[in-house]
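One file, query-v1.cif, carrying mmCIF, C-alpha atoms and all ligand atoms:
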```
data_structure
loop_
_atom_site.label_atom_id
_atom_site.label_comp_id
_atom_site.auth_asym_id
_atom_site.auth_seq_id
_atom_site.Cartn_x
_atom_site.Cartn_y
_atom_site.Cartn_z
CA MET Q 96 -2.17 28.50 -0.51
CA ASN Q 97 -2.25 24.89 0.66
CA ILE Q 98 -3.77 24.72 4.12
CA ARG Q 99 -2.77 21.10 4.55
CA PRO Q 100 0.19 20.30 6.75
CA ILE Q 101 3.05 18.43 5.09
CA ALA Q 102 2.21 15.00 6.40
CA ILE Q 103 2.78 11.86 4.40
CA SER Q 104 0.20 9.71 6.13
CA LEU Q 105 -2.78 11.95 6.88
CA SER Q 106 -5.35 11.09 4.21
CA PRO Q 107 -2.83 12.06 1.49
CA ASN Q 108 -5.00 11.38 -1.59
CA SER Q 109 -8.23 12.91 -0.39
CA GLN Q 110 -9.40 16.04 -2.19
CA THR Q 111 -12.57 18.11 -1.88
CA ASP Q 112 -14.42 16.09 -4.54
CA ASP Q 113 -13.57 12.87 -2.66
CA VAL Q 114 -15.00 14.34 0.52
CA GLY Q 115 -18.11 15.29 -1.47
CA GLU Q 116 -18.47 11.71 -2.76
CA CYS Q 117 -17.98 10.45 0.76
CA PHE Q 118 -20.74 12.72 2.03
CA LYS Q 119 -23.10 11.50 -0.73
CA ALA Q 120 -22.21 7.89 0.07
CA PHE Q 121 -22.87 8.63 3.73
CA LEU Q 122 -26.36 9.98 2.97
CA ASN Q 123 -27.24 6.98 0.77
CA PHE Q 124 -27.25 4.61 3.70
CA THR Q 125 -29.54 2.05 2.01
CA THR Q 126 -26.74 1.31 -0.46
CA TRP Q 127 -23.79 1.17 1.91
CA GLN Q 128 -23.28 -2.55 1.30
CA LYS Q 129 -24.60 -3.29 -2.19
CA GLY Q 130 -25.05 -0.97 -5.13
CA ILE Q 131 -23.94 0.30 -8.51
CA TRP Q 132 -20.43 1.45 -7.56
CA GLU Q 133 -19.00 -2.03 -7.15
CA GLU Q 134 -19.71 -2.77 -10.81
CA LYS Q 135 -18.22 0.56 -11.88
CA VAL Q 136 -14.93 -0.26 -10.12
CA GLN Q 137 -14.99 -3.79 -11.55
CA ASN Q 138 -15.52 -2.47 -15.06
CA TRP Q 139 -12.67 -0.02 -14.64
CA PHE Q 140 -10.26 -2.84 -13.76
CA ILE Q 141 -11.60 -5.20 -16.44
CA LYS Q 142 -10.96 -2.55 -19.07
CA TYR Q 143 -7.58 -1.50 -17.68
CA TYR Q 144 -6.20 -5.03 -17.36
CA GLN Q 145 -8.25 -6.74 -20.08
CA VAL Q 146 -9.26 -9.49 -17.67
CA LYS Q 147 -12.49 -11.45 -17.61
CA ASN Q 148 -13.27 -10.95 -13.94
CA ILE Q 149 -12.14 -8.87 -11.00
CA TYR Q 150 -13.28 -9.29 -7.43
CA LEU Q 151 -13.46 -6.51 -4.87
CA PHE Q 152 -12.53 -6.99 -1.22
CA ASN Q 153 -12.44 -4.85 1.88
CA SER Q 154 -8.61 -4.76 1.82
CA GLY Q 155 -5.57 -5.90 -0.09
CA ARG Q 156 -4.95 -8.53 2.57
CA SER Q 157 -8.43 -10.00 2.03
CA ALA Q 158 -7.71 -10.08 -1.70
CA LEU Q 159 -4.41 -11.89 -1.16
CA PHE Q 160 -6.05 -14.35 1.22
CA ALA Q 161 -8.67 -15.18 -1.44
CA ILE Q 162 -6.00 -15.66 -4.14
CA LEU Q 163 -4.03 -18.07 -1.93
CA LYS Q 164 -7.21 -20.01 -1.16
CA SER Q 165 -8.11 -20.17 -4.85
CA TYR Q 166 -4.85 -21.98 -5.54
CA GLY Q 167 -5.50 -24.35 -2.67
CA ILE Q 168 -2.45 -23.06 -0.79
CA GLY Q 169 -2.63 -24.07 2.87
CA PHE Q 170 -1.14 -26.22 5.59
CA ASP Q 171 2.50 -27.25 5.09
CA ASP Q 172 2.90 -25.09 1.98
CA GLU Q 173 5.46 -22.31 1.68
CA VAL Q 174 4.99 -18.94 0.06
CA ILE Q 175 7.95 -16.70 -0.73
CA VAL Q 176 7.65 -13.05 0.25
CA GLN Q 177 10.26 -10.36 0.60
CA ALA Q 178 11.55 -9.00 3.89
CA PHE Q 179 11.05 -5.20 4.13
CA THR Q 180 7.31 -5.44 3.90
CA CYS Q 181 4.07 -4.84 5.77
CA VAL Q 182 2.66 -7.52 8.04
CA ALA Q 183 -0.45 -7.39 5.81
CA VAL Q 184 1.55 -9.47 3.27
CA PRO Q 185 2.80 -12.45 5.35
CA ASP Q 186 -0.37 -12.49 7.48
CA PRO Q 187 -2.73 -13.84 4.78
CA VAL Q 188 -0.13 -16.57 4.10
CA ILE Q 189 -0.33 -17.50 7.78
CA TRP Q 190 -4.14 -17.19 7.78
CA VAL Q 191 -4.44 -19.90 5.10
CA GLY Q 192 -2.14 -22.12 7.18
CA ALA Q 193 0.99 -21.78 5.05
CA LYS Q 194 4.45 -20.51 5.98
CA PRO Q 195 5.89 -17.21 4.72
CA VAL Q 196 9.52 -17.61 3.63
CA TYR Q 197 11.41 -14.34 3.65
CA VAL Q 198 13.90 -13.49 0.92
CA ASP Q 199 16.28 -10.53 1.07
CA ILE Q 200 15.95 -7.47 -1.15
CA ASP Q 201 18.08 -5.80 -3.83
CA GLU Q 202 18.94 -2.13 -4.25
CA SER Q 203 15.44 -1.36 -5.61
CA LEU Q 204 14.05 -2.61 -2.28
CA ASN Q 205 12.35 -5.45 -4.14
CA ILE Q 206 12.84 -9.18 -3.77
CA ASP Q 207 16.36 -10.17 -4.85
CA CYS Q 208 15.63 -12.55 -7.70
CA GLY Q 209 19.24 -13.77 -7.69
CA LEU Q 210 18.55 -15.41 -4.32
CA LEU Q 211 15.18 -16.93 -5.15
CA SER Q 212 16.19 -20.43 -6.23
CA ARG Q 213 17.99 -20.99 -2.89
CA TYR Q 214 14.66 -20.64 -1.08
CA ILE Q 215 12.54 -22.84 -3.32
CA THR Q 216 11.74 -26.24 -1.84
CA ASN Q 217 9.23 -28.91 -2.77
CA LYS Q 218 6.80 -27.16 -0.40
CA THR Q 219 6.99 -23.80 -2.21
CA LYS Q 220 3.76 -22.94 -3.99
CA ALA Q 221 3.90 -19.25 -4.80
CA ILE Q 222 6.02 -16.09 -4.89
CA ILE Q 223 4.54 -12.72 -4.00
CA VAL Q 224 6.27 -9.81 -5.71
CA GLN Q 225 5.85 -6.41 -4.10
CA ASN Q 226 7.07 -3.61 -6.44
CA THR Q 227 8.01 -1.60 -3.36
CA PHE Q 228 7.12 2.11 -3.34
CA GLY Q 229 5.96 1.77 -6.97
CA ILE Q 230 9.35 0.70 -8.35
CA PRO Q 231 8.93 -2.38 -10.55
CA ALA Q 232 10.67 -5.57 -9.43
CA LYS Q 233 12.60 -7.74 -11.92
CA LEU Q 234 9.38 -9.40 -12.99
CA ASN Q 235 10.66 -10.93 -16.22
CA GLU Q 236 13.44 -12.78 -14.42
CA ILE Q 237 11.11 -13.80 -11.59
CA LYS Q 238 8.57 -15.11 -14.08
CA LYS Q 239 11.21 -17.38 -15.63
CA ILE Q 240 11.88 -18.82 -12.18
CA THR Q 241 8.19 -19.35 -11.34
CA GLN Q 242 7.72 -21.06 -14.72
CA LYS Q 243 10.77 -23.27 -14.20
CA TYR Q 244 9.58 -24.44 -10.76
CA ASN Q 245 5.88 -24.38 -11.58
CA LEU Q 246 5.02 -21.79 -8.94
CA VAL Q 247 2.22 -19.24 -8.85
CA LEU Q 248 3.45 -15.70 -9.45
CA ILE Q 249 1.32 -13.27 -7.44
CA GLU Q 250 1.84 -9.60 -8.17
CA ASP Q 251 1.27 -7.30 -5.24
CA CYS Q 252 0.24 -4.05 -6.94
CA SER Q 253 -0.58 -2.25 -3.69
CA HIS Q 254 2.18 0.30 -4.33
CA SER Q 255 2.32 0.14 -8.09
CA LEU Q 256 -1.03 0.53 -9.85
CA GLY Q 257 -0.13 2.49 -12.98
CA ALA Q 258 3.59 1.65 -13.03
CA THR Q 259 5.05 -0.24 -15.99
CA LEU Q 260 8.03 -2.43 -16.79
CA GLU Q 261 9.33 -2.31 -20.35
CA GLY Q 262 6.03 -0.72 -21.33
CA LYS Q 263 3.91 -3.47 -19.80
CA ARG Q 264 1.62 -2.74 -16.87
CA ILE Q 265 2.55 -4.00 -13.42
CA GLY Q 266 -0.15 -6.60 -12.82
CA ASP Q 267 0.24 -8.02 -16.33
CA PHE Q 268 3.18 -10.29 -15.53
CA GLY Q 269 1.82 -12.69 -12.94
CA ASP Q 270 -0.71 -15.48 -12.73
CA ALA Q 271 -2.64 -13.39 -10.24
CA ALA Q 272 -2.57 -9.80 -9.03
CA PHE Q 273 -3.99 -7.91 -6.11
CA PHE Q 274 -4.48 -4.25 -5.26
CA SER Q 275 -5.01 -2.13 -2.19
CA PHE Q 276 -7.13 1.00 -1.84
CA GLY Q 277 -5.85 1.60 1.68
CA ARG Q 278 -5.69 5.12 3.10
CA ASP Q 279 -2.21 5.96 1.84
CA LYS Q 280 -1.95 3.80 -1.25
CA ILE Q 281 -2.04 4.78 -4.94
CA ILE Q 282 -5.77 5.42 -4.75
CA SER Q 283 -7.71 5.36 -1.54
CA SER Q 284 -11.12 4.40 -0.22
CA VAL Q 285 -9.73 4.18 3.35
CA PHE Q 286 -9.96 0.38 3.13
CA GLY Q 287 -10.37 -1.70 0.00
CA GLY Q 288 -8.75 -4.10 -2.39
CA ALA Q 289 -9.18 -6.13 -5.54
CA ALA Q 290 -7.87 -9.34 -7.08
CA PHE Q 291 -7.83 -11.14 -10.38
CA ILE Q 292 -6.53 -14.47 -11.63
CA ARG Q 293 -6.00 -14.99 -15.33
CA LYS Q 294 -6.48 -18.75 -15.67
CA SER Q 295 -10.10 -19.80 -15.69
CA ASP Q 296 -9.96 -22.77 -13.26
CA ALA Q 297 -8.39 -20.72 -10.43
CA ASP Q 298 -10.55 -17.74 -11.44
CA ASN Q 299 -13.66 -19.90 -10.99
CA LYS Q 300 -12.47 -20.81 -7.52
CA LEU Q 301 -11.82 -17.16 -6.70
CA LYS Q 302 -15.35 -16.39 -7.86
CA ARG Q 303 -16.80 -19.03 -5.55
CA ILE Q 304 -14.72 -17.80 -2.62
CA TYR Q 305 -15.80 -14.23 -3.29
CA GLU Q 306 -19.47 -15.13 -3.57
CA GLU Q 307 -19.43 -16.86 -0.20
CA LEU Q 308 -18.10 -13.76 1.57
CA SER Q 309 -20.34 -11.25 3.28
CA TYR Q 310 -20.23 -7.46 3.31
CA PRO Q 311 -18.78 -5.73 6.35
CA LYS Q 312 -21.22 -4.60 9.02
CA LEU Q 313 -22.79 -1.15 8.68
CA SER Q 314 -20.90 0.07 11.76
CA TRP Q 315 -17.58 -0.82 10.07
CA ILE Q 316 -18.60 0.99 6.88
CA LEU Q 317 -19.67 4.03 8.89
CA LYS Q 318 -16.27 4.15 10.56
CA GLN Q 319 -14.51 4.18 7.19
CA LEU Q 320 -16.84 6.85 5.78
CA PHE Q 321 -16.13 8.96 8.80
CA HIS Q 322 -12.40 8.97 8.01
CA PRO Q 323 -12.29 11.40 5.01
CA LEU Q 324 -14.92 13.61 6.65
CA ALA Q 325 -12.93 13.79 9.88
CA PHE Q 326 -9.68 14.59 8.08
CA PHE Q 327 -11.41 17.31 6.08
CA ILE Q 328 -11.87 19.08 9.41
CA ILE Q 329 -8.63 18.00 11.07
CA LEU Q 330 -6.12 18.84 8.32
CA PRO Q 331 -6.57 22.64 8.09
CA LEU Q 332 -6.35 22.82 11.90
CA TYR Q 333 -3.44 20.40 12.26
CA ASN Q 334 -0.66 22.95 12.48
CA PHE Q 335 -2.60 24.99 15.04
CA TYR Q 336 -2.66 22.07 17.50
CA LEU Q 337 -6.46 21.99 17.54
CA GLY Q 338 -6.35 19.48 14.66
CA LYS Q 339 -3.86 17.32 16.56
CA VAL Q 340 -6.06 17.41 19.65
CA ILE Q 341 -9.17 16.44 17.66
CA LEU Q 342 -7.24 13.62 15.95
CA PHE Q 343 -5.90 12.38 19.29
CA LEU Q 344 -9.38 12.40 20.84
CA MET Q 345 -10.94 10.63 17.87
CA GLN Q 346 -8.28 7.94 18.03
CA LYS Q 347 -8.70 7.66 21.79
CA ILE Q 348 -12.43 7.06 21.60
CA ASN Q 349 -11.86 4.67 18.72
CA ILE Q 350 -14.01 6.32 16.06
CA LEU Q 351 -11.19 6.38 13.51
CA SER Q 352 -10.15 3.02 12.11
CA LYS Q 353 -6.58 1.78 12.48
CA PRO Q 354 -4.81 0.45 9.37
CA VAL Q 355 -3.54 -2.62 11.22
CA GLU Q 356 -5.22 -4.19 14.23
CA ASN Q 357 -3.23 -5.45 17.22
CA ILE Q 358 -4.16 -9.08 16.58
CA GLU Q 359 -2.44 -8.86 13.18
CA LEU Q 360 0.92 -8.07 14.80
CA THR Q 361 1.09 -11.68 15.94
CA GLY Q 362 -0.26 -13.23 12.73
CA GLY Q 363 -3.90 -13.26 13.90
CA ILE Q 364 -6.90 -12.55 11.70
CA PRO Q 365 -9.41 -9.83 12.59
CA ALA Q 366 -13.09 -10.80 12.16
CA VAL Q 367 -13.53 -8.23 9.38
CA TYR Q 368 -11.19 -10.12 6.96
CA PRO Q 369 -11.85 -11.43 4.42
CA GLN Q 370 -14.99 -9.59 3.30
CA LYS Q 371 -16.35 -7.90 0.19
CA LEU Q 372 -15.75 -4.26 -0.64
CA PRO Q 373 -18.90 -2.41 0.36
CA ASN Q 374 -20.58 -0.24 -2.26
CA ALA Q 375 -20.07 2.97 -0.27
CA LEU Q 376 -16.29 2.49 -0.33
CA ALA Q 377 -16.41 1.38 -3.99
CA ARG Q 378 -17.89 4.82 -4.70
CA LEU Q 379 -14.81 6.46 -3.12
CA ALA Q 380 -12.47 4.11 -4.99
CA PHE Q 381 -14.18 4.82 -8.30
CA ASN Q 382 -13.81 8.57 -7.84
CA GLN Q 383 -10.11 8.12 -7.13
CA LEU Q 384 -9.61 5.80 -10.12
CA GLN Q 385 -10.71 8.66 -12.39
CA LYS Q 386 -7.68 10.55 -11.08
CA LEU Q 387 -5.17 7.68 -11.18
CA GLU Q 388 -3.26 9.00 -14.16
CA SER Q 389 -3.02 12.58 -12.90
CA PHE Q 390 -2.03 11.32 -9.43
CA ASN Q 391 0.77 9.22 -10.87
CA ILE Q 392 1.99 11.98 -13.19
CA ARG Q 393 2.20 14.26 -10.15
CA ARG Q 394 4.04 11.62 -8.12
CA LYS Q 395 6.58 11.23 -10.91
CA GLU Q 396 7.05 15.01 -11.22
CA ILE Q 397 7.71 15.35 -7.50
CA ALA Q 398 10.14 12.41 -7.61
CA GLN Q 399 11.92 14.11 -10.51
CA LEU Q 400 12.30 17.28 -8.41
CA TYR Q 401 13.85 15.25 -5.60
CA PHE Q 402 16.23 13.60 -8.05
CA GLU Q 403 17.29 16.97 -9.46
CA LYS Q 404 17.68 18.84 -6.19
CA LEU Q 405 18.94 16.16 -3.81
CA GLN Q 406 21.57 14.62 -6.09
CA GLY Q 407 25.03 14.53 -4.55
CA LEU Q 408 24.16 15.15 -0.88
CA LYS Q 409 26.72 13.41 1.30
CA SER Q 410 24.50 11.77 3.86
CA ILE Q 411 21.61 10.49 1.79
CA ARG Q 412 21.20 7.88 -0.92
CA LEU Q 413 18.40 8.32 -3.45
CA PRO Q 414 16.23 5.50 -4.80
CA PRO Q 415 16.93 4.10 -8.26
CA GLN Q 416 15.85 6.45 -11.02
CA ASN Q 417 13.30 4.66 -13.15
CA LYS Q 418 11.01 6.43 -15.63
CA GLU Q 419 8.41 3.68 -15.31
CA ALA Q 420 8.18 3.82 -11.50
CA ILE Q 421 5.38 5.82 -9.92
CA TYR Q 422 7.12 6.52 -6.55
CA LEU Q 423 4.24 6.08 -4.13
CA ARG Q 424 6.78 7.34 -1.60
CA PHE Q 425 10.27 8.61 -2.37
CA ASN Q 426 12.44 6.51 -0.11
CA ILE Q 427 15.85 7.87 0.78
CA LEU Q 428 18.47 6.06 2.83
CA SER Q 429 20.42 7.92 5.48
CA SER Q 430 22.42 7.07 8.56
CA LYS Q 431 21.01 10.35 9.94
CA ARG Q 432 17.46 9.08 9.40
CA ASP Q 433 16.22 9.48 12.98
CA GLU Q 434 17.84 12.90 13.35
CA ILE Q 435 16.30 14.14 10.07
CA PHE Q 436 12.88 12.77 11.03
CA LYS Q 437 12.98 14.65 14.35
CA ILE Q 438 14.20 17.91 12.82
CA PHE Q 439 11.36 17.77 10.32
CA ARG Q 440 8.86 17.10 13.05
CA ARG Q 441 10.06 20.24 14.81
CA HIS Q 442 9.32 22.04 11.54
CA LYS Q 443 5.79 20.54 11.62
CA ILE Q 444 6.54 18.15 8.77
CA LEU Q 445 5.64 14.50 9.12
CA LEU Q 446 7.86 12.31 6.96
CA GLY Q 447 7.24 8.59 6.51
CA LEU Q 448 8.81 5.60 8.20
CA TRP Q 449 7.31 2.79 6.14
CA TYR Q 450 9.47 -0.27 6.52
CA SER Q 451 11.71 1.15 9.18
CA ASN Q 452 10.89 -2.25 10.64
CA ILE Q 453 11.76 -5.24 8.48
CA ILE Q 454 8.12 -6.19 8.81
CA ASP Q 455 6.05 -3.10 9.55
CA PRO Q 456 4.47 -1.64 11.63
CA VAL Q 457 6.11 -1.23 15.04
CA GLY Q 458 5.18 -4.06 17.37
CA VAL Q 459 5.10 -6.96 14.89
CA ASP Q 460 6.13 -10.15 16.67
CA TYR Q 461 8.75 -11.44 14.22
CA ASN Q 462 8.70 -14.87 15.80
CA LYS Q 463 4.99 -15.25 15.22
CA VAL Q 464 5.23 -14.20 11.58
CA GLY Q 465 8.21 -16.47 10.95
CA TYR Q 466 11.03 -13.94 10.65
CA LYS Q 467 14.33 -14.44 12.47
CA LEU Q 468 16.82 -11.58 12.76
CA GLY Q 469 19.69 -12.10 10.35
CA MET Q 470 17.52 -13.81 7.73
CA ALA Q 471 17.64 -10.82 5.37
CA LYS Q 472 20.67 -8.64 6.14
CA ASN Q 473 20.15 -6.14 3.33
CA ALA Q 474 16.50 -5.62 4.32
CA GLU Q 475 17.54 -5.09 7.93
CA GLU Q 476 20.15 -2.53 6.94
CA LYS Q 477 17.71 -0.69 4.65
CA ALA Q 478 15.01 -0.73 7.33
CA HIS Q 479 17.40 1.16 9.64
CA LEU Q 480 18.15 3.80 7.04
CA SER Q 481 14.83 4.29 5.26
CA LEU Q 482 12.98 7.57 5.34
CA ASN Q 483 10.05 8.26 3.01
CA LEU Q 484 9.60 11.68 1.44
CA PRO Q 485 6.10 12.60 0.28
CA THR Q 486 4.99 12.45 -3.34
CA TYR Q 487 1.27 12.46 -2.60
CA PRO Q 488 -0.85 14.38 -5.10
CA THR Q 489 -2.23 16.94 -2.66
CA ILE Q 490 1.16 18.31 -1.62
CA ALA Q 491 1.83 21.75 -3.09
CA GLU Q 492 4.91 22.63 -5.12
CA ASN Q 493 6.08 25.22 -2.56
CA GLN Q 494 5.75 22.62 0.18
CA VAL Q 495 7.97 20.23 -1.79
CA MET Q 496 10.53 23.00 -2.30
CA TYR Q 497 10.44 23.92 1.39
CA LEU Q 498 11.05 20.30 2.27
CA ILE Q 499 13.88 19.97 -0.26
CA ASN Q 500 15.62 23.06 1.14
CA LEU Q 501 15.36 21.71 4.66
CA ILE Q 502 16.90 18.42 3.58
CA ILE Q 503 19.74 20.24 1.84
CA LYS Q 504 20.30 22.30 5.01
CA TYR Q 505 20.30 19.39 7.44
CA ALA Q 506 21.34 16.34 5.49
CA ASP Q 507 24.45 17.63 3.84
C1 LIG U 601 3.24 -3.91 0.04
C2 LIG U 601 1.88 -4.07 0.62
N1 LIG U 601 1.11 -5.06 0.16
C3 LIG U 601 -0.13 -5.26 0.66
C4 LIG U 601 -0.65 -4.46 1.64
C5 LIG U 601 -2.02 -4.75 2.16
O1 LIG U 601 -2.95 -3.83 1.76
P1 LIG U 601 -4.23 -3.53 2.66
O2 LIG U 601 -3.82 -2.53 3.68
O3 LIG U 601 -5.23 -2.99 1.70
O4 LIG U 601 -4.66 -4.82 3.26
C6 LIG U 601 0.13 -3.43 2.15
C7 LIG U 601 -0.41 -2.57 3.23
O5 LIG U 601 0.16 -1.65 3.71
C8 LIG U 601 1.43 -3.22 1.63
O6 LIG U 601 2.22 -2.22 2.08
#
```

Starting from the coordinates I provided, produce the structure as structure tokens.
Ligand SMILES: Cc1ncc(COP(=O)(O)O)c(C=O)c1O
Amino acid sequence: MNIRPIAISLSPNSQTDDVGECFKAFLNFTTWQKGIWEEKVQNWFIKYYQVKNIYLFNSGRSALFAILKSYGIGFDDEVIVQAFTCVAVPDPVIWVGAKPVYVDIDESLNIDCGLLSRYITNKTKAIIVQNTFGIPAKLNEIKKITQKYNLVLIEDCSHSLGATLEGKRIGDFGDAAFFSFGRDKIISSVFGGAAFIRKSDADNKLKRIYEELSYPKLSWILKQLFHPLAFFIILPLYNFYLGKVILFLMQKINILSKPVENIELTGGIPAVYPQKLPNALARLAFNQLQKLESFNIRRKEIAQLYFEKLQGLKSIRLPPQNKEAIYLRFNILSSKRDEIFKIFRRHKILLGLWYSNIIDPVGVDYNKVGYKLGMAKNAEEKAHLSLNLPTYPTIAENQVMYLINLIIKYAD
């Protein structure tokens, strides 16, 4: 029996062995900042992507910031991003002094490459491609455009580590790629990220930028290590209210870290970015990387179940079916989105609302991050309709079936 609640965002990748690693990392407090685990994660990526170097950061947004800096992108430059994203993507563009330019999305919820050339000006320096929810974007077409206009193609692999396009790994198409090990990403070390650049001149710059960074403070590392340990206690108690109360109290007294700080909602930069990935979190990331393949196989199996069982329901639209996608979340579109979300909450099931704001999370000041309503109509429409179903590896088969039956009951 799975004692976890069905909740898409509560430490979804963390299993008992991860908690064990976290506890060991916690006890080894002399190696919280520097140690052997950083190199292990680096070697994993070097082997996987056949790159010369990889640099580890304390978040995907730090990694993106460092990539932009390495290409000398800054004041008066423009960087193309898609609408229907997280503020952690346009923010680093703003942090380096450049302007994010938002392009609308296609039916795969990725940047609409047919629109790209309209947005390219002589100030445009780079395009960031998101591969939303693990569904590959049209990277071959986008690459032709970046080559034509001499732009840097940055692959955001935060949702898509392990996905492929025409047999080629996501991350292998661009000039640069970055990754996130955030709490509900493909693999998780609560916070973490990585970046590589293929060409040696920009790679050398990235190396210099990385070397000048410091490690986060011990108090910050402690807070992140506390996260899997706290959820190990909270999750089994969650459906008996006690877990909810403990979670609420921990959040109230600020001992659990928030994924996005308030200052970021207005394009500001928290003091902790950009910094290096501390060794203690690299240990968690390394343990998760060993399970990447099995995690993604499971995600695909669950997505397949949704495709089979939810086909043909009147009030929901399913995502595109793509054998190479890894479906970090299974995003359905429904005009009954809010109603379904509430019904599920009454059944003690927490579905996901990623990108129910054009730029997530709630509270982002669109003005400050350069988005004006009406700029990306398709993204705005999809943001209103989007509801994420869980595919996380720790959800049990009977939980998925329970959820599917509820959707059939209420969404048809
Ligand atoms: C598409 C996408 N890219 C990048 C990031 C940034 O990753 P991180 O949270 O590790 O900074 C996020 C965060 O949610 C994201 O959703």

Contact check, stretch 353-470 of chain Q to stretch 250-269 of chain Q, at most 12 Å, counting only C-alpha atoms, closest pairs as JSON lines:
```
{"residue": "Q:Leu384", "atom": "CA", "partner": "Q:Leu256", "partner_atom": "CA", "distance": 10.1}
{"residue": "Q:Lys386", "atom": "CA", "partner": "Q:Gly257", "partner_atom": "CA", "distance": 11.2}
{"residue": "Q:Leu387", "atom": "CA", "partner": "Q:Gly257", "partner_atom": "CA", "distance": 7.5}
{"residue": "Q:Glu388", "atom": "CA", "partner": "Q:Gly257", "partner_atom": "CA", "distance": 7.3}
{"residue": "Q:Ser389", "atom": "CA", "partner": "Q:Gly257", "partner_atom": "CA", "distance": 10.5}
{"residue": "Q:Phe390", "atom": "CA", "partner": "Q:Gly257", "partner_atom": "CA", "distance": 9.7}
{"residue": "Q:Asn391", "atom": "CA", "partner": "Q:Gly257", "partner_atom": "CA", "distance": 7.1}
{"residue": "Q:Ile392", "atom": "CA", "partner": "Q:Gly257", "partner_atom": "CA", "distance": 9.7}
{"residue": "Q:Arg394", "atom": "CA", "partner": "Q:Ala258", "partner_atom": "CA", "distance": 11.1}
{"residue": "Q:Lys395", "atom": "CA", "partner": "Q:Ala258", "partner_atom": "CA", "distance": 10.3}
{"residue": "Q:Asn417", "atom": "CA", "partner": "Q:Leu260", "partner_atom": "CA", "distance": 9.6}
{"residue": "Q:Lys418", "atom": "CA", "partner": "Q:Thr259", "partner_atom": "CA", "distance": 9.0}
{"residue": "Q:Glu419", "atom": "CA", "partner": "Q:Thr259", "partner_atom": "CA", "distance": 5.2}
{"residue": "Q:Ala420", "atom": "CA", "partner": "Q:Ala258", "partner_atom": "CA", "distance": 5.3}
{"residue": "Q:Ile421", "atom": "CA", "partner": "Q:Ala258", "partner_atom": "CA", "distance": 5.5}
{"residue": "Q:Tyr422", "atom": "CA", "partner": "Q:Ser255", "partner_atom": "CA", "distance": 8.1}
{"residue": "Q:Leu423", "atom": "CA", "partner": "Q:His254", "partner_atom": "CA", "distance": 6.1}
{"residue": "Q:Arg424", "atom": "CA", "partner": "Q:His254", "partner_atom": "CA", "distance": 8.8}
{"residue": "Q:Phe425", "atom": "CA", "partner": "Q:His254", "partner_atom": "CA", "distance": 11.8}
{"residue": "Q:Trp449", "atom": "CA", "partner": "Q:His254", "partner_atom": "CA", "distance": 11.9}
```

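For the pair atom CA of Q:Ile350 and atom CA of Q:Leu313, the interatomic distance is 13.7 Å.
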
Which neighbours of Q:Leu501 fall inside 8 Å, counting only C-alpha atoms, when residues of the same chain fewer than 4 positions from it are skipped, and could you give them as a ChimeraX atom specification?
/Q:439,497,505

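Considering the residues Q:Leu210, Q:Leu324, Q:Ala193, Q:Ile454 and counting only C-alpha atoms and all ligand atoms, ligand LIG 601 (chain U) has its shortest atom-to-atom contact with Q:Ile454.
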
Find, counting only C-alpha atoms, the residue in Q:Val176, Q:Val146, Q:Ile490, Q:Ile222 that gets nearest to Q:Ile200.
Q:Val176
